[in-house]
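Notes for the one structure printed next.
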Amino acid sequence: MPCGPIYSIDQTFADEQVKHLGIAKDVRTQNQKTITLVGQPVSLSRTPSGIVAPPPLMGEHTDEVLAEFGFGKDEISKLRADKTL
């Protein structure tokens, strides 16, 4: 059973093990801001991992998600006009 301390986010990134393993990864967002994310905790020599894209901006995929749930363009426009979204 794995065990260890329970950290806040800032404590997690300050942990010596996290630093040594290089788990914290800096990523540039769509608006050119740099954020630090948690990468993969396991390193594999033949199949290295990496963060290939930043997370989406808030609401970036809202229209697509609503469309998948059956909302039409007019309904989505009305939701935006009503400031529901």
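By order of appearance in the structure tokens: chains A, B, ..., then residues from 1 within every chain, and ligands from 1 in the order shown.
Residue neighbourhood of Glu60 of chain A, excluding near-sequence residues (fewer than 5 positions): Gln30, Pro55, Val65, Leu66 and Leu85 of chain A, at 12 Å, using only C-alpha atoms.
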Can you list, as a PyMOL selection string, all residues belonging to chain A that DSSP tags as helix (DSSP H, G or I)? chain A and resi 9-14+16-21+62-68+73-81
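For the pair atom CA of Gly59 of chain A and atom CA of Leu37 of chain A, the interatomic distance is 19.4 Å.
Minimum atom-to-atom distances from A:Asp82, A:Lys73, A:Lys19, A:Lys33 to Leu57 of chain A were compared using only C-alpha atoms, and the lowest value belongs to A:Lys33.
Atom CA of Gly70 of chain A is positioned 19.4 Å from atom CA of Lys83 of chain A.
Pairwise distance (atom CA of Pro54 of chain A, atom CA of Gly22 of chain A) equals 17.6 Å.
Of the listed residues (A:Glu68, A:Val42, A:Ser49, A:Ala24), A:Ala24 comes nearest to Gln11 of chain A; the distances count only C-alpha atoms.
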Could you write out, as JSON, numbers by chain, all the residues of chain A that DSSP marks as strand (DSSP E)? {"A": [24, 25, 26, 27, 28, 34, 35, 36, 37, 38]}
Set the distance at 10 Å and use only C-alpha atoms: which residues neighbour Ile23 of chain A once local chain neighbours fewer than 2 positions away are removed? I'd like the list as a tab-separated table (two decimals) with C-alpha atoms, in the first residue's frame.
chain	number	residue	atom	x	y	z
A	13	PHE	CA	5.76	21.03	-6.36
A	17	GLN	CA	11.17	13.72	-4.93
A	18	VAL	CA	8.92	15.62	-7.35
A	19	LYS	CA	11.86	17.85	-8.30
A	20	HIS	CA	14.24	14.91	-8.70
A	21	LEU	CA	11.85	12.94	-10.92
A	25	LYS	CA	6.23	20.34	-16.24
A	26	ASP	CA	5.94	23.92	-17.46
A	36	THR	CA	3.06	24.26	-14.16
A	37	LEU	CA	1.27	20.92	-14.45
A	38	VAL	CA	1.87	17.49	-13.01
A	39	GLY	CA	3.37	15.15	-15.60
A	40	GLN	CA	3.53	11.37	-15.53
A	41	PRO	CA	4.90	9.99	-12.26
A	42	VAL	CA	6.46	6.97	-14.03
A	43	SER	CA	9.37	7.19	-16.49
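Checking A:Tyr7, A:Asp15, A:Arg80, A:Arg28 one by one against Ile51 of chain A, counting only C-alpha atoms, you find the shortest gap at A:Arg28.
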